[in-house]
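Asker: Got a structure for you, protein-v7.csv, holding CSV, C-alpha atoms.
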```csv
chain,number,residue,atom,x,y,z
A,209,MET,CA,-12.7,-22.0,19.0
A,210,ASP,CA,-11.3,-18.5,19.2
A,211,SER,CA,-9.4,-17.6,16.0
A,212,GLY,CA,-7.2,-15.1,17.9
A,213,LEU,CA,-8.0,-12.4,15.3
A,214,ASN,CA,-10.2,-10.2,17.6
A,215,GLY,CA,-9.1,-6.6,17.0
A,216,ALA,CA,-6.8,-7.5,14.1
A,217,ILE,CA,-6.5,-5.0,11.2
A,218,VAL,CA,-7.2,-6.9,8.0
A,219,LEU,CA,-7.0,-5.6,4.4
A,220,VAL,CA,-9.0,-7.6,1.8
A,221,THR,CA,-8.5,-6.6,-1.8
A,222,GLY,CA,-11.7,-6.9,-3.9
A,223,GLY,CA,-13.5,-7.4,-0.6
A,224,VAL,CA,-16.8,-5.9,-1.4
A,225,ARG,CA,-18.4,-8.5,-3.8
A,226,GLY,CA,-18.3,-12.2,-4.6
A,227,VAL,CA,-15.7,-14.3,-2.9
A,228,GLY,CA,-14.1,-11.2,-1.5
A,229,ALA,CA,-17.3,-10.1,0.3
A,230,GLY,CA,-17.5,-13.6,1.9
A,231,ILE,CA,-13.9,-13.3,3.1
A,232,SER,CA,-14.6,-9.9,4.5
A,233,ARG,CA,-17.7,-11.2,6.4
A,234,THR,CA,-15.8,-14.1,7.8
A,235,PHE,CA,-13.0,-11.9,9.2
A,236,LEU,CA,-15.7,-9.6,10.7
A,237,ARG,CA,-17.2,-12.6,12.5
A,238,ALA,CA,-13.8,-13.3,13.9
A,239,GLY,CA,-13.7,-9.9,15.5
A,240,ALA,CA,-11.3,-8.2,13.1
A,241,THR,CA,-11.5,-4.7,11.7
A,242,VAL,CA,-11.8,-5.2,7.9
A,243,VAL,CA,-10.7,-2.7,5.3
A,244,ALA,CA,-11.8,-3.6,1.8
A,245,CYS,CA,-10.5,-2.0,-1.3
A,246,ALA,CA,-11.7,-2.1,-4.9
A,247,ARG,CA,-11.9,0.3,-7.8
A,248,ARG,CA,-15.6,1.0,-6.9
A,249,PRO,CA,-17.9,0.3,-3.9
A,250,GLY,CA,-20.0,-2.8,-3.8
A,251,GLU,CA,-23.7,-2.7,-4.6
A,252,ALA,CA,-24.6,-3.3,-0.9
A,253,PRO,CA,-22.7,-2.8,2.4
A,254,VAL,CA,-20.7,-5.7,3.6
A,255,GLU,CA,-21.6,-6.2,7.3
A,256,VAL,CA,-22.1,-8.7,10.0
A,257,ASP,CA,-24.0,-8.1,13.3
A,258,GLY,CA,-24.0,-4.3,12.8
A,259,ARG,CA,-20.3,-4.2,12.0
A,260,ALA,CA,-19.3,-3.2,8.4
A,261,VAL,CA,-16.1,-3.2,6.4
A,262,GLU,CA,-14.3,0.1,5.8
A,263,PHE,CA,-14.2,0.8,2.1
A,264,LEU,CA,-11.3,2.5,0.5
A,265,PRO,CA,-11.0,2.9,-3.3
A,266,CYS,CA,-7.9,1.6,-4.9
A,267,ASP,CA,-6.6,0.3,-8.2
A,268,ILE,CA,-4.2,-2.3,-7.0
A,269,ARG,CA,-2.2,-2.2,-10.3
A,270,ASP,CA,-1.1,1.4,-9.5
A,271,PRO,CA,1.9,1.6,-7.2
A,272,GLY,CA,1.0,5.1,-6.0
A,273,GLN,CA,-2.5,4.1,-5.1
A,274,VAL,CA,-1.4,1.0,-3.3
A,275,GLN,CA,1.1,2.9,-1.2
A,276,GLY,CA,-1.5,5.5,-0.4
A,277,LEU,CA,-4.0,2.8,0.6
A,278,VAL,CA,-1.6,1.1,3.1
A,279,ASP,CA,-0.4,4.5,4.4
A,280,ARG,CA,-4.0,5.5,5.1
A,281,ILE,CA,-4.7,2.2,6.9
A,282,VAL,CA,-1.7,2.6,9.1
A,283,GLU,CA,-2.5,6.3,9.8
A,284,ARG,CA,-6.0,5.3,10.9
A,285,HIS,CA,-5.4,2.1,12.8
A,286,GLY,CA,-1.7,2.1,13.6
A,287,ARG,CA,-0.8,-1.2,12.0
A,288,LEU,CA,-1.7,-3.8,9.4
A,289,ASP,CA,-1.9,-7.4,10.6
A,290,VAL,CA,-3.3,-9.4,7.7
A,291,LEU,CA,-3.5,-8.9,3.9
A,292,VAL,CA,-5.8,-11.1,1.8
A,293,ASN,CA,-4.9,-10.8,-1.9
A,294,ASN,CA,-8.3,-11.6,-3.3
A,295,ALA,CA,-8.9,-9.2,-6.2
A,296,GLY,CA,-8.6,-10.7,-9.7
A,297,GLY,CA,-10.4,-12.6,-12.3
A,298,ALA,CA,-10.7,-12.8,-16.1
A,299,PRO,CA,-13.4,-12.8,-18.8
A,300,PHE,CA,-13.6,-15.8,-21.1
A,301,ALA,CA,-11.3,-15.4,-24.1
A,302,LEU,CA,-9.7,-18.0,-26.3
A,303,ALA,CA,-5.9,-17.8,-26.1
A,304,ALA,CA,-5.5,-17.7,-29.9
A,305,GLU,CA,-7.9,-14.8,-30.3
A,306,ALA,CA,-7.1,-12.6,-27.4
A,307,SER,CA,-4.7,-9.7,-27.9
A,308,PRO,CA,-1.3,-9.4,-26.3
A,309,LYS,CA,-2.6,-6.4,-24.4
A,310,PHE,CA,-5.5,-8.5,-23.0
A,311,HIS,CA,-3.1,-11.2,-21.8
A,312,SER,CA,-0.8,-8.6,-20.3
A,313,LYS,CA,-3.6,-7.0,-18.3
A,314,ILE,CA,-4.8,-10.4,-17.0
A,315,VAL,CA,-1.3,-11.3,-15.7
A,316,GLU,CA,-0.9,-7.8,-14.3
A,317,LEU,CA,-4.1,-8.0,-12.3
A,318,ASN,CA,-3.8,-11.6,-11.1
A,319,LEU,CA,-0.1,-11.9,-10.5
A,320,LEU,CA,1.8,-8.6,-10.5
A,321,ALA,CA,-0.8,-6.7,-8.5
A,322,PRO,CA,-0.8,-9.2,-5.6
A,323,LEU,CA,3.0,-9.0,-5.5
A,324,LEU,CA,2.8,-5.2,-5.4
A,325,VAL,CA,0.3,-5.1,-2.5
A,326,SER,CA,2.3,-7.7,-0.7
A,327,GLN,CA,5.5,-5.7,-1.0
A,328,VAL,CA,3.9,-2.6,0.5
A,329,ALA,CA,2.1,-4.6,3.3
A,330,ASN,CA,5.3,-6.5,4.1
A,331,ALA,CA,7.2,-3.2,4.6
A,332,VAL,CA,4.8,-2.4,7.4
A,333,MET,CA,4.5,-5.9,8.9
A,334,GLN,CA,8.3,-6.3,9.1
A,335,LYS,CA,8.5,-3.3,11.5
A,336,GLN,CA,5.7,-4.7,13.8
A,337,ASP,CA,6.7,-6.8,16.8
A,338,SER,CA,3.8,-9.2,15.9
A,339,GLY,CA,4.7,-9.3,12.2
A,340,GLY,CA,1.9,-10.3,10.0
A,341,ALA,CA,0.2,-12.8,7.6
A,342,ILE,CA,-0.5,-12.7,3.9
A,343,VAL,CA,-3.1,-15.0,2.3
A,344,ASN,CA,-3.2,-15.2,-1.5
A,345,ILE,CA,-6.4,-16.3,-3.1
A,346,SER,CA,-5.4,-18.6,-5.9
A,347,SER,CA,-7.3,-21.1,-8.1
A,348,VAL,CA,-7.4,-24.6,-9.3
A,349,SER,CA,-6.9,-23.1,-12.8
A,350,GLY,CA,-3.3,-22.7,-11.9
A,351,SER,CA,-2.8,-26.5,-11.7
A,352,ARG,CA,-5.1,-27.8,-14.4
A,353,PRO,CA,-6.0,-26.8,-18.0
A,354,SER,CA,-7.9,-23.5,-18.1
A,355,PRO,CA,-9.3,-23.3,-21.6
A,356,GLY,CA,-10.8,-19.8,-22.2
A,357,THR,CA,-8.9,-18.3,-19.3
A,358,ALA,CA,-5.3,-19.5,-20.1
A,359,ALA,CA,-3.5,-16.3,-19.0
A,360,TYR,CA,-5.5,-16.3,-15.8
A,361,GLY,CA,-4.5,-19.9,-15.1
A,362,ALA,CA,-0.9,-19.1,-15.8
A,363,ALA,CA,-1.0,-16.1,-13.5
A,364,LYS,CA,-2.5,-18.2,-10.7
A,365,ALA,CA,0.2,-20.8,-11.1
A,366,GLY,CA,2.6,-17.9,-10.6
A,367,VAL,CA,0.8,-16.8,-7.5
A,368,ASP,CA,1.4,-20.3,-5.9
A,369,SER,CA,5.0,-20.1,-6.8
A,370,LEU,CA,5.2,-16.6,-5.5
A,371,THR,CA,3.7,-17.7,-2.2
A,372,GLY,CA,6.5,-20.1,-1.5
A,373,SER,CA,9.2,-17.7,-2.5
A,374,LEU,CA,7.8,-14.8,-0.3
A,375,ALA,CA,7.3,-17.2,2.6
A,376,VAL,CA,11.1,-17.9,2.6
A,377,GLU,CA,12.2,-14.3,1.9
A,378,TRP,CA,9.9,-12.7,4.5
A,379,ALA,CA,10.2,-15.2,7.3
A,380,PRO,CA,10.1,-15.2,10.3
A,381,LYS,CA,8.1,-12.0,10.7
A,382,VAL,CA,5.6,-12.6,7.9
A,383,ARG,CA,3.8,-15.8,7.0
A,384,VAL,CA,2.6,-16.2,3.4
A,385,ASN,CA,0.1,-18.9,2.3
A,386,SER,CA,-2.4,-19.4,-0.5
A,387,VAL,CA,-5.9,-20.8,-0.8
A,388,VAL,CA,-6.4,-22.7,-4.0
A,389,VAL,CA,-10.1,-22.2,-4.8
A,390,GLY,CA,-12.4,-24.4,-6.9
A,391,LEU,CA,-16.0,-23.7,-8.0
A,392,VAL,CA,-17.7,-21.0,-5.9
A,393,ARG,CA,-21.3,-19.9,-6.1
A,394,THR,CA,-21.5,-16.1,-6.0
A,395,GLU,CA,-24.1,-13.6,-7.0
A,396,LEU,CA,-22.8,-13.9,-10.5
A,397,ALA,CA,-23.0,-17.7,-10.8
A,398,HIS,CA,-25.9,-17.5,-13.3
A,399,LEU,CA,-23.6,-15.7,-15.8
A,400,HIS,CA,-21.3,-18.7,-15.8
A,401,TYR,CA,-23.6,-21.7,-15.2
A,402,GLY,CA,-27.1,-20.6,-16.2
A,403,ASP,CA,-30.3,-21.0,-14.2
A,404,GLU,CA,-30.8,-22.8,-10.9
A,405,ALA,CA,-30.9,-26.2,-12.7
A,406,GLY,CA,-27.6,-25.4,-14.4
A,407,ILE,CA,-26.0,-24.3,-11.1
A,408,ALA,CA,-27.3,-27.5,-9.4
A,409,ALA,CA,-25.9,-29.6,-12.2
A,410,VAL,CA,-22.5,-28.1,-12.0
A,411,GLY,CA,-22.6,-28.6,-8.2
A,412,ASP,CA,-23.4,-32.2,-8.7
A,413,THR,CA,-20.0,-32.7,-10.5
A,414,VAL,CA,-18.2,-31.8,-7.2
A,415,PRO,CA,-17.6,-34.8,-4.9
A,416,LEU,CA,-19.1,-32.9,-1.9
A,417,GLY,CA,-22.2,-32.3,-4.0
A,418,ARG,CA,-22.2,-28.5,-4.2
A,419,MET,CA,-20.1,-25.5,-5.1
A,420,ALA,CA,-18.4,-23.6,-2.3
A,421,CYS,CA,-20.0,-20.5,-0.9
A,422,PRO,CA,-17.8,-17.5,-0.4
A,423,GLU,CA,-17.7,-18.0,3.4
A,424,ASP,CA,-16.2,-21.5,2.8
A,425,ILE,CA,-13.2,-19.7,1.3
A,426,GLY,CA,-13.3,-17.0,4.1
A,427,ASN,CA,-13.1,-19.7,6.8
A,428,CYS,CA,-9.9,-21.1,5.3
A,429,ALA,CA,-8.4,-17.6,4.9
A,430,VAL,CA,-9.2,-16.8,8.5
A,431,PHE,CA,-7.5,-20.1,9.6
A,432,LEU,CA,-4.3,-19.3,7.6
A,433,ALA,CA,-4.2,-15.8,8.9
A,434,SER,CA,-4.7,-16.7,12.5
A,435,PRO,CA,-2.4,-17.9,15.3
A,436,LEU,CA,-4.0,-21.4,14.8
A,437,ALA,CA,-1.7,-21.6,11.7
A,438,ALA,CA,1.3,-20.1,13.4
A,439,TYR,CA,3.6,-22.8,12.0
A,440,VAL,CA,2.1,-22.8,8.5
A,441,SER,CA,3.9,-20.7,5.8
A,442,GLY,CA,4.6,-21.3,2.2
A,443,SER,CA,1.7,-23.6,1.9
A,444,THR,CA,-1.2,-24.0,-0.6
A,445,LEU,CA,-4.5,-25.1,0.9
A,446,THR,CA,-6.8,-26.6,-1.8
A,447,VAL,CA,-10.5,-25.8,-1.2
A,448,HIS,CA,-12.4,-27.5,-4.0
A,449,GLY,CA,-14.8,-29.9,-2.4
A,450,GLY,CA,-12.9,-33.0,-3.4
A,451,GLY,CA,-12.0,-31.8,-6.9
A,452,GLU,CA,-13.2,-33.1,-10.2
A,453,ARG,CA,-14.2,-36.7,-10.9
A,454,PRO,CA,-11.9,-38.2,-13.6
A,455,ALA,CA,-13.5,-37.8,-17.0
A,456,PHE,CA,-12.7,-41.4,-17.9
A,457,LEU,CA,-15.2,-42.7,-15.3
A,458,ALA,CA,-18.1,-41.0,-17.1
A,459,ALA,CA,-16.8,-42.2,-20.5
A,460,ALA,CA,-16.3,-45.9,-19.4
A,461,THR,CA,-18.9,-48.3,-20.7
A,462,ALA,CA,-18.2,-51.0,-18.1
A,463,SER,CA,-21.0,-51.2,-15.5
A,464,THR,CA,-20.2,-50.7,-11.8
A,465,ALA,CA,-21.0,-54.3,-11.0
A,466,THR,CA,-18.6,-55.5,-13.7
A,467,ALA,CA,-15.9,-53.2,-12.5
A,468,SER,CA,-16.4,-54.3,-8.9
A,469,THR,CA,-16.2,-58.0,-10.0
A,470,ALA,CA,-13.0,-57.3,-11.9
A,471,THR,CA,-11.4,-55.6,-9.0
A,472,ALA,CA,-12.4,-58.4,-6.6
A,473,SER,CA,-11.0,-61.0,-9.0
A,474,THR,CA,-7.7,-59.1,-9.3
A,475,GLU,CA,-7.4,-58.8,-5.5
A,476,GLU,CA,-8.0,-62.6,-5.1
A,477,LYS,CA,-5.3,-63.4,-7.6
A,478,ALA,CA,-2.9,-61.1,-5.8
```
Take the structure I supplied and represent it as structure tokens, if you would.

Answerer:
Amino acid sequence: MDSGLNGAIVLVTGGVRGVGAGISRTFLRAGATVVACARRPGEAPVEVDGRAVEFLPCDIRDPGQVQGLVDRIVERHGRLDVLVNNAGGAPFALAAEASPKFHSKIVELNLLAPLLVSQVANAVMQKQDSGGAIVNISSVSGSRPSPGTAAYGAAKAGVDSLTGSLAVEWAPKVRVNSVVVGLVRTELAHLHYGDEAGIAAVGDTVPLGRMACPEDIGNCAVFLASPLAAYVSGSTLTVHGGGERPAFLAAATASTATASTATASTEEKA
């Protein structure tokens, strides 16, 4: 099915590596012109079928750089149709040991920077007859405990709240949604999960039997940005392969057969 994004001008922050590169490739496949920003270029070009992203350097925490980035896109292409706020992340650090400056920088990158880029993009989109769409890349860390990345989880919870507020403030011209992402296998997966056996073991904990690939996230971002989601705004789309199996199931000592018998007995009595 045609996504309706052929020829659209799309900005993907952090769109040159990891999940961001997968998002960029998916929009390229949809026929969009993709501008990817980051503080530095990726290790390899992001391209699909001979079409590559346009890279522009930008620190999205800097208001002047963000305004310059959007101005340059509009000067070059005449408009901005879609913004995907993907840039973010956090190294492992226990909340009791991390410094106030560390926590401040994590919140700045993962919450305040997406708000800043969205503000500047919205100013352009509001003046366009076709309006625009903003897709925030959020995380399951915003809705469940995030030990070791507490400030990151809190920031992502803020992104989901921000999504709903901006969707109301900026309607009807601009739609705002978020993709709530679970485990994703990127080129850096080995740093978090170990060797192939470790990566496979982690994937086995997901009900669908694997971690997402970056294009899985890209497909959902393309949907939310496209006319197919024309009546979707202020929503959070959870993309986590079914989530996490409840820990009590692994801890329980009752056998499956015993549990099934108990359930059947209860149903008969009911």

Asker: In Å, rounded to a single decimal, give me how far atom CA of Lys313 of chain A is from atom CA of Pro299 of chain A.

Answerer: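 Value for the atom CA of Pro299 of chain A-atom CA of Lys313 of chain A distance: 11.4 Å.
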
Asker: Give as number ranges by chain the set of residues within 12 Å of the point (3.7, -3.3, 4.4), where distances use the file's coordinates and all atoms listed in the file.

Answerer: A: 219, 274-282, 286-291, 323-336, 339-342, 378, 381-382

Asker: Given the choices A:Gly296, A:Gly228, A:Gly356, A:Pro265, which gets closest to Ala246 of chain A if the distance is worked out from only C-alpha atoms?

Answerer: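 Nearest to Ala246 of chain A: A:Pro265.
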
Asker: Can you work out which one of A:Ala405, A:Leu391, A:Leu436, A:Ala304 has the shortest atom-to-atom distance to Pro422 of chain A, counting all atoms listed in the file?

Answerer: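 Smallest separation from Pro422 of chain A among the options: A:Leu391.
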
Asker: With all atoms listed in the file as the atoms that count, which of A:Ser386, A:Tyr360, A:Gly366, A:Gly450 lies nearest to His311 of chain A?

Answerer: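 Among the listed residues, the smallest separation from His311 of chain A belongs to A:Tyr360.
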
Asker: Just the number, please: distance in Å from atom CA of Ala365 of chain A to atom CA of Ala458 of chain A, one decimal.

Answerer: 27.9 Å

Asker: For atom CA of Phe431 of chain A and atom CA of Leu213 of chain A, determine how far apart the two atoms are, in Å to one decimal place.

Answerer: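 Calculated distance between atom CA of Phe431 of chain A and atom CA of Leu213 of chain A is 9.6 Å.
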
Asker: Closest to Asp368 of chain A among A:Gly390, A:Pro322, A:Pro249, A:Pro435, using only C-alpha atoms?

Answerer: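 That would be A:Pro322, the residue with the smallest distance to Asp368 of chain A.
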
Asker: From the set A:Ala216, A:Thr241, A:Leu264, A:Ile231, which residue has the shortest atom-to-atom contact distance to Cys421 of chain A, counting all atoms listed in the file?

Answerer: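 Comparing A:Ala216, A:Thr241, A:Leu264, A:Ile231 against Cys421 of chain A, the winner is A:Ile231.
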
Asker: Within 10 Å of Ala420 of chain A, counting all atoms listed in the file, which residues show up once you throw out same-chain ones fewer than 2 positions away? Write them as an MDAnalysis selection string, please.

Answerer: chainID A and resid 227 389:394 411 414 416:418 422:425 447:449

Asker: Save the residues we just selected, C-alpha atoms, as a PDB file, in the frame of the given file?

Answerer:
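Output file out_10.pdb is given in full below:
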```
ATOM      1  CA  VAL A 227     -15.700 -14.300  -2.900  1.00  0.00           C
ATOM      2  CA  VAL A 389     -10.100 -22.200  -4.800  1.00  0.00           C
ATOM      3  CA  GLY A 390     -12.400 -24.400  -6.900  1.00  0.00           C
ATOM      4  CA  LEU A 391     -16.000 -23.700  -8.000  1.00  0.00           C
ATOM      5  CA  VAL A 392     -17.700 -21.000  -5.900  1.00  0.00           C
ATOM      6  CA  ARG A 393     -21.300 -19.900  -6.100  1.00  0.00           C
ATOM      7  CA  THR A 394     -21.500 -16.100  -6.000  1.00  0.00           C
ATOM      8  CA  GLY A 411     -22.600 -28.600  -8.200  1.00  0.00           C
ATOM      9  CA  VAL A 414     -18.200 -31.800  -7.200  1.00  0.00           C
ATOM     10  CA  LEU A 416     -19.100 -32.900  -1.900  1.00  0.00           C
ATOM     11  CA  GLY A 417     -22.200 -32.300  -4.000  1.00  0.00           C
ATOM     12  CA  ARG A 418     -22.200 -28.500  -4.200  1.00  0.00           C
ATOM     13  CA  PRO A 422     -17.800 -17.500  -0.400  1.00  0.00           C
ATOM     14  CA  GLU A 423     -17.700 -18.000   3.400  1.00  0.00           C
ATOM     15  CA  ASP A 424     -16.200 -21.500   2.800  1.00  0.00           C
ATOM     16  CA  ILE A 425     -13.200 -19.700   1.300  1.00  0.00           C
ATOM     17  CA  VAL A 447     -10.500 -25.800  -1.200  1.00  0.00           C
ATOM     18  CA  HIS A 448     -12.400 -27.500  -4.000  1.00  0.00           C
ATOM     19  CA  GLY A 449     -14.800 -29.900  -2.400  1.00  0.00           C
TER      20      GLY A 449
END
```

Asker: For a quick check of your reading of the model, name the residues lying within 8 Å of the coordinate (3.1, -16.9, 8.5), counting only C-alpha atoms, and write them as JSON, numbers by chain.

Answerer: {"A": [340, 341, 342, 375, 379, 380, 381, 382, 383, 384, 385, 432, 433, 437, 438, 439, 440, 441, 442]}

Asker: Which residue is closest to Arg248 of chain A? Choose from A:Asn293, A:Ser369, A:Ser351, A:Thr221 and count all atoms listed in the file.

Answerer: A:Thr221
